[in-house]
>>> print(open('target14.cif').read())   # mmCIF, C-alpha atoms
data_structure
loop_
_atom_site.label_atom_id
_atom_site.label_comp_id
_atom_site.auth_asym_id
_atom_site.auth_seq_id
_atom_site.Cartn_x
_atom_site.Cartn_y
_atom_site.Cartn_z
CA MET A 16 22.79 -17.32 -48.69
CA THR A 17 20.47 -19.96 -50.14
CA SER A 18 21.40 -21.12 -53.62
CA PHE A 19 20.05 -23.62 -56.15
CA LYS A 20 22.61 -26.04 -57.63
CA LEU A 21 21.93 -27.52 -61.06
CA ALA A 22 24.24 -30.28 -62.31
CA TYR A 23 24.39 -30.92 -66.05
CA VAL A 24 26.02 -33.55 -68.24
CA PRO A 25 28.14 -32.69 -71.31
CA GLY A 26 26.00 -31.50 -74.20
CA ALA A 27 23.04 -30.42 -72.06
CA THR A 28 22.12 -26.77 -72.59
CA PRO A 29 20.69 -25.09 -69.46
CA ALA A 30 21.51 -21.48 -70.49
CA LYS A 31 17.98 -20.36 -71.39
CA TRP A 32 16.55 -21.71 -68.13
CA VAL A 33 19.33 -20.07 -66.13
CA ARG A 34 18.44 -16.70 -67.70
CA THR A 35 14.76 -17.15 -66.86
CA TRP A 36 15.65 -18.15 -63.29
CA GLY A 37 17.67 -14.94 -62.90
CA GLU A 38 14.64 -12.91 -63.99
CA ARG A 39 12.11 -14.69 -61.78
CA VAL A 40 14.13 -15.64 -58.69
CA PRO A 41 16.88 -12.99 -58.54
CA GLU A 42 17.27 -13.35 -54.78
CA VAL A 43 18.48 -16.98 -55.12
CA PRO A 44 21.62 -17.55 -57.23
CA LEU A 45 21.59 -20.59 -59.54
CA THR A 46 24.95 -22.41 -59.58
CA LEU A 47 25.83 -24.68 -62.54
CA VAL A 48 27.78 -27.84 -61.73
CA PRO A 49 29.25 -29.69 -64.75
CA VAL A 50 29.36 -33.45 -64.20
CA ALA A 51 30.24 -36.57 -66.18
CA ALA A 52 27.17 -38.57 -67.29
CA ALA A 53 28.20 -41.57 -65.18
CA ASP A 54 28.48 -39.44 -62.00
CA ALA A 55 25.32 -37.34 -62.27
CA THR A 56 22.88 -39.50 -60.28
CA GLY A 57 25.50 -40.05 -57.57
CA LEU A 58 25.82 -36.29 -57.21
CA LEU A 59 22.07 -35.99 -56.65
CA ARG A 60 21.97 -38.82 -54.12
CA ALA A 61 24.87 -37.24 -52.23
CA ARG A 62 22.81 -34.02 -52.15
CA GLU A 63 25.62 -32.09 -53.81
CA ALA A 64 23.11 -30.72 -56.32
CA ASP A 65 19.41 -29.84 -56.08
CA ALA A 66 18.62 -31.05 -59.60
CA ALA A 67 20.41 -32.39 -62.65
CA LEU A 68 20.06 -32.51 -66.42
CA LEU A 69 20.79 -36.18 -67.12
CA ARG A 70 21.20 -38.22 -70.26
CA SER A 71 19.40 -41.55 -70.69
CA PRO A 72 19.57 -44.28 -69.55
CA ILE A 73 18.81 -43.06 -66.01
CA ASP A 74 18.83 -45.11 -62.81
CA ARG A 75 15.55 -43.75 -61.40
CA ASP A 76 15.74 -45.44 -58.00
CA GLY A 77 14.61 -42.72 -55.58
CA LEU A 78 14.58 -40.06 -58.31
CA HIS A 79 11.96 -38.11 -60.22
CA ALA A 80 12.70 -37.55 -63.93
CA ILE A 81 10.93 -35.33 -66.44
CA PRO A 82 11.89 -36.08 -70.09
CA LEU A 83 12.80 -32.83 -71.85
CA TYR A 84 13.93 -33.68 -75.37
CA THR A 85 15.42 -36.41 -77.58
CA GLU A 86 18.47 -35.72 -79.72
CA ALA A 87 19.38 -36.84 -83.20
CA THR A 88 22.35 -39.21 -83.39
CA VAL A 89 25.23 -38.34 -85.71
CA VAL A 90 28.52 -39.82 -86.90
CA VAL A 91 31.62 -37.64 -86.58
CA VAL A 92 34.06 -38.05 -89.48
CA PRO A 93 37.00 -36.20 -91.10
CA LYS A 94 35.84 -33.64 -93.68
CA ASP A 95 37.33 -35.68 -96.52
CA HIS A 96 35.48 -38.88 -95.52
CA LEU A 97 32.99 -40.38 -98.01
CA VAL A 98 30.17 -39.91 -95.47
CA ALA A 99 30.65 -36.13 -95.69
CA ALA A 100 29.24 -36.19 -99.24
CA ALA A 101 25.81 -37.39 -97.99
CA ASP A 102 23.09 -35.53 -96.09
CA GLU A 103 22.44 -38.52 -93.82
CA VAL A 104 23.57 -42.14 -93.54
CA SER A 105 22.52 -45.45 -91.97
CA THR A 106 24.57 -47.82 -89.83
CA VAL A 107 25.01 -50.03 -92.93
CA ASP A 108 27.01 -47.19 -94.53
CA LEU A 109 29.53 -47.47 -91.67
CA ALA A 110 30.16 -51.20 -92.15
CA ASP A 111 33.71 -50.72 -93.46
CA ASP A 112 34.72 -48.10 -90.86
CA VAL A 113 36.31 -48.59 -87.47
CA VAL A 114 33.60 -47.25 -85.14
CA LEU A 115 35.05 -45.98 -81.86
CA HIS A 116 33.12 -46.72 -78.67
CA ALA A 117 34.04 -44.42 -75.79
CA LEU A 118 33.64 -45.69 -72.23
CA ASP A 119 31.37 -42.73 -71.42
CA ASP A 120 29.02 -43.46 -74.36
CA THR A 121 25.35 -43.25 -73.33
CA LEU A 122 23.77 -44.67 -76.50
CA GLU A 123 22.15 -48.03 -75.88
CA TRP A 124 23.45 -50.23 -78.68
CA GLU A 125 22.28 -53.77 -79.33
CA THR A 126 25.10 -54.17 -81.85
CA LEU A 127 27.68 -51.48 -82.53
CA PRO A 128 27.97 -50.76 -86.27
CA GLY A 129 31.17 -51.03 -88.29
CA ARG A 130 34.39 -52.73 -87.28
CA PRO A 131 35.48 -52.66 -83.61
CA ALA A 132 38.51 -50.64 -82.54
CA VAL A 133 41.46 -52.28 -80.83
CA SER A 134 40.56 -50.55 -77.56
CA ARG A 135 37.90 -48.22 -76.20
CA PRO A 136 38.84 -44.57 -75.61
CA GLU A 137 38.09 -43.41 -72.08
CA THR A 138 36.05 -40.32 -72.99
CA THR A 139 34.21 -38.83 -75.93
CA ALA A 140 36.86 -36.09 -76.08
CA ASP A 141 39.56 -38.76 -76.46
CA ALA A 142 37.54 -40.46 -79.21
CA ILE A 143 37.20 -37.16 -81.11
CA GLU A 144 41.00 -36.84 -81.09
CA LEU A 145 41.28 -40.32 -82.61
CA VAL A 146 38.75 -39.41 -85.32
CA ALA A 147 40.87 -36.36 -86.19
CA ALA A 148 43.92 -38.64 -86.37
CA GLY A 149 42.15 -40.88 -88.89
CA VAL A 150 41.82 -43.87 -86.56
CA GLY A 151 38.06 -44.28 -86.96
CA VAL A 152 34.66 -42.59 -86.76
CA LEU A 153 32.43 -41.87 -83.75
CA VAL A 154 28.65 -42.08 -83.33
CA VAL A 155 27.30 -39.69 -80.64
CA PRO A 156 24.31 -37.48 -79.77
CA GLN A 157 24.37 -34.32 -81.89
CA SER A 158 24.99 -32.00 -78.93
CA LEU A 159 28.24 -33.82 -78.15
CA ALA A 160 29.38 -33.47 -81.75
CA ARG A 161 28.75 -29.72 -81.45
CA LEU A 162 30.44 -29.55 -78.06
CA HIS A 163 33.63 -31.11 -79.44
CA HIS A 164 33.52 -29.30 -82.78
CA ARG A 165 36.76 -29.10 -84.76
CA ARG A 166 37.40 -27.37 -88.06
CA ASP A 167 38.83 -30.55 -89.60
CA LEU A 168 35.79 -32.67 -88.67
CA THR A 169 32.12 -32.75 -89.63
CA TYR A 170 29.11 -34.90 -88.79
CA ARG A 171 26.05 -36.42 -90.47
CA THR A 172 22.78 -37.80 -89.06
CA VAL A 173 22.59 -41.58 -88.63
CA THR A 174 18.95 -42.44 -89.33
CA ASP A 175 18.73 -45.86 -87.65
CA ALA A 176 21.00 -45.39 -84.63
CA PRO A 177 19.63 -45.35 -81.05
CA GLN A 178 18.86 -41.89 -79.73
CA SER A 179 19.69 -40.18 -76.46
CA SER A 180 17.19 -38.28 -74.30
CA VAL A 181 17.84 -35.56 -71.74
CA ALA A 182 15.72 -35.34 -68.57
CA LEU A 183 15.45 -33.12 -65.51
CA SER A 184 15.91 -35.22 -62.37
CA TRP A 185 15.85 -34.68 -58.60
CA LEU A 186 15.41 -36.66 -55.39
CA GLU A 187 11.84 -37.81 -54.72
CA GLU A 188 11.85 -36.44 -51.17
CA GLU A 189 13.40 -33.12 -52.14
CA THR A 190 10.61 -31.39 -54.09
CA SER A 191 11.12 -27.99 -52.48
CA ASP A 192 9.52 -24.66 -53.43
CA LEU A 193 12.70 -23.77 -55.35
CA MET A 194 12.51 -27.09 -57.20
CA GLU A 195 8.91 -26.34 -58.12
CA GLN A 196 10.04 -22.96 -59.43
CA PHE A 197 12.65 -24.59 -61.66
CA ILE A 198 10.22 -27.25 -62.91
CA GLY A 199 7.84 -24.48 -63.92
CA ILE A 200 10.60 -22.67 -65.81
CA VAL A 201 11.70 -25.83 -67.65
CA ARG A 202 8.11 -26.64 -68.60
CA GLY A 203 7.57 -23.15 -69.95
CA ARG A 204 5.06 -21.94 -67.40
CA THR A 205 4.48 -18.22 -67.25
CA VAL A 206 5.10 -16.10 -64.18
CA ASN A 207 1.38 -15.93 -63.44
CA SER A 208 0.77 -19.66 -63.93
CA THR A 209 -1.12 -21.27 -61.06
CA ARG A 210 0.28 -24.73 -61.76
CA GLY A 211 2.74 -26.24 -59.33
CA ARG A 212 2.01 -26.48 -55.66
CA GLN A 213 -1.69 -26.36 -54.95
CA GLN A 214 -2.90 -23.14 -53.45
CA ALA A 215 -5.61 -22.89 -50.85
CA PRO A 216 -8.95 -22.11 -52.45
CA PRO A 217 -10.10 -18.53 -51.92
CA GLU A 218 -12.60 -17.95 -49.15
CA ARG A 219 -16.16 -17.59 -50.33
CA LYS A 220 -17.83 -14.36 -49.38
CA ARG A 221 -21.18 -14.64 -47.72
CA PRO A 222 -23.91 -12.92 -49.70
CA GLU A 223 -24.87 -9.61 -48.18
CA ARG A 224 -28.38 -9.45 -46.81
CA LYS A 225 -30.53 -6.66 -48.12
CA PRO A 226 -31.95 -4.40 -45.38
CA ALA A 227 -35.55 -5.13 -44.56
CA THR A 228 -37.93 -2.64 -46.14
CA ALA A 229 -40.46 -0.86 -43.90
CA ALA A 230 -44.07 -1.94 -44.28
CA LYS A 231 -46.13 0.43 -46.34
CA PRO A 232 -48.59 2.42 -44.20
CA ALA A 233 -52.22 1.51 -44.67
CA ARG A 234 -54.30 3.99 -46.65
CA ARG A 235 -56.68 6.15 -44.67
CA GLY A 236 -60.26 6.39 -45.63
CA GLY A 237 -62.74 3.87 -46.90
CA ALA A 238 -61.16 2.92 -50.13
CA GLY A 239 -61.83 -0.70 -49.36
CA LYS A 240 -65.30 -0.16 -47.75
CA ARG A 241 -68.70 0.08 -49.40
CA ARG A 242 -70.42 3.46 -49.30
CA ARG A 243 -73.45 3.76 -47.05
CA ARG A 244 -76.73 4.33 -48.81
CA ALA A 245 -78.30 7.70 -48.26
#
>>> encode(input="target14.cif", output="C-alpha cells")
Amino acid sequence: MTSFKLAYVPGATPAKWVRTWGERVPEVPLTLVPVAAADATGLLRAREADAALLRSPIDRDGLHAIPLYTEATVVVVPKDHLVAAADEVSTVDLADDVVLHALDDTLEWETLPGRPAVSRPETTADAIELVAAGVGVLVVPQSLARLHHRRDLTYRTVTDAPQSSVALSWLEEETSDLMEQFIGIVRGRTVNSTRGRQQAPPERKRPERKPATAAKPARRGGAGKRRRRA
C-alpha cells in the first residue's frame, strides 16, 4: 500500500496536518518519522521520507523549503531562579549564569550569552537535566522547552536572542501529487481549492446556431401597385 512519510524534528507539531490528511486522503496512510535535527535533511536525500518538518538553518542543496513559522526563544531555569520573577529577559540578564550549549542546538549565535560551561551536553534533553541539577541555564526555542517540560523548571522569553524557524522541505525532483496534497494542507487550502497543480482549461463550447427562419410569403394582391383609373 502506498504511504506518505513525514519526518519531523523535536518540537515540530504536525498533529493538526495529520488529522486533515486523514480526512482528505484516507486511502493513503501518513506515517510520522521522528528524527534528530542534524539528521533530517539526510533522511530526505536518502528518500527515507517524502517530506520533513525541519528547523533552521537548512542546507537547501537539492531541496525545496516552505517557511511555516518562527518561534520565540526562551531560557529554561529552575523555578527559584531570579529570572523566574520577570515576564521576559534579555541576554544581558544572563551574564552571570552558566549558559549551557547543547551539541544539537539549532540557534545561530554570534556570541553565546553568559558564562561558558565546562563542556557541551550532547543533546537538549541532557542539558535540561543539568538545568534541573542547578548546573546552569539553557536557551532554546519555546517548543523545545515545552517538549522537555519538568515541574521543577520554568522558562521566560529572551527578547534579543536569535530565533528558530520551522519549514516544510522535500526533494526538488520529488514533487508528487501526494506532496502537492500535503503542501495544500499545510498552507491552509480548502478541499475545493484549485491551487496546486495546474488543471487543463475547460473546453469552450461552440455557440449553437439558431435555425434559419423561413422567408415570409409575399402578400397577394396589389398592395404595392397603383390602382388603375376608371
>>> atom_distance(input="target14.cif", atom1="atom CA of Val43 of chain A", atom2="atom CA of Ala61 of chain A")
21.4 Å
>>> resolve_selection(input="target14.cif", expression="the PyMOL selection byres ((chain A and resi 147) around 12)", output="list in words")
Val91, Val92, Pro93, Lys94, Asp95, His96, Ala140, Asp141, Ala142, Ile143, Glu144, Leu145, Val146, Ala148, Gly149, Val150, Gly151, Val152, Leu153, His163, His164, Arg165, Arg166, Asp167, Leu168 and Thr169 of chain A
>>> resolve_selection(input="target14.cif", expression="the PyMOL selection byres ((chain A and resi 198-207) around 10)", output="list in words")
Pro29, Lys31, Trp32, Val33, Thr35, Trp36, Arg39, Ala66, Ile81, Leu83, Leu183, Ser184, Thr190, Asp192, Leu193, Met194, Glu195, Gln196, Phe197, Ser208, Thr209, Arg210 and Gly211 of chain A
>>> resolve_selection(input="target14.cif", expression="the PyMOL selection byres ((chain A and resi 67) around 9)", output="list in words")
Lys20, Leu21, Ala22, Tyr23, Val24, Val48, Ala55, Thr56, Leu58, Leu59, Ala64, Asp65, Ala66, Leu68, Leu69, Ala182, Leu183, Ser184 and Trp185 of chain A
>>> write_last_selection(input="target14.cif", atoms="C-alpha atoms", output="short mmCIF file (atom, residue, chain, number, x, y, z; two decimals), keeping the file's coordinate frame")
data_model
loop_
_atom_site.label_atom_id
_atom_site.label_comp_id
_atom_site.auth_asym_id
_atom_site.auth_seq_id
_atom_site.Cartn_x
_atom_site.Cartn_y
_atom_site.Cartn_z
CA LYS A 20 22.61 -26.04 -57.63
CA LEU A 21 21.93 -27.52 -61.06
CA ALA A 22 24.24 -30.28 -62.31
CA TYR A 23 24.39 -30.92 -66.05
CA VAL A 24 26.02 -33.55 -68.24
CA VAL A 48 27.78 -27.84 -61.73
CA ALA A 55 25.32 -37.34 -62.27
CA THR A 56 22.88 -39.50 -60.28
CA LEU A 58 25.82 -36.29 -57.21
CA LEU A 59 22.07 -35.99 -56.65
CA ALA A 64 23.11 -30.72 -56.32
CA ASP A 65 19.41 -29.84 -56.08
CA ALA A 66 18.62 -31.05 -59.60
CA LEU A 68 20.06 -32.51 -66.42
CA LEU A 69 20.79 -36.18 -67.12
CA ALA A 182 15.72 -35.34 -68.57
CA LEU A 183 15.45 -33.12 -65.51
CA SER A 184 15.91 -35.22 -62.37
CA TRP A 185 15.85 -34.68 -58.60
#
>>> atom_distance(input="target14.cif", atom1="atom CA of Gln178 of chain A", atom2="atom CA of Arg161 of chain A")
15.8 Å
>>> closest_residue(input="target14.cif", among="A:Leu186, A:Leu78, A:Leu115, A:Leu127", to="Glu63 of chain A", atoms="all atoms listed in the file")
A:Leu186
>>> closest_residue(input="target14.cif", among="A:Thr106, A:Thr46, A:Ser71, A:Ser179", to="Arg34 of chain A", atoms="all atoms listed in the file")
A:Thr46
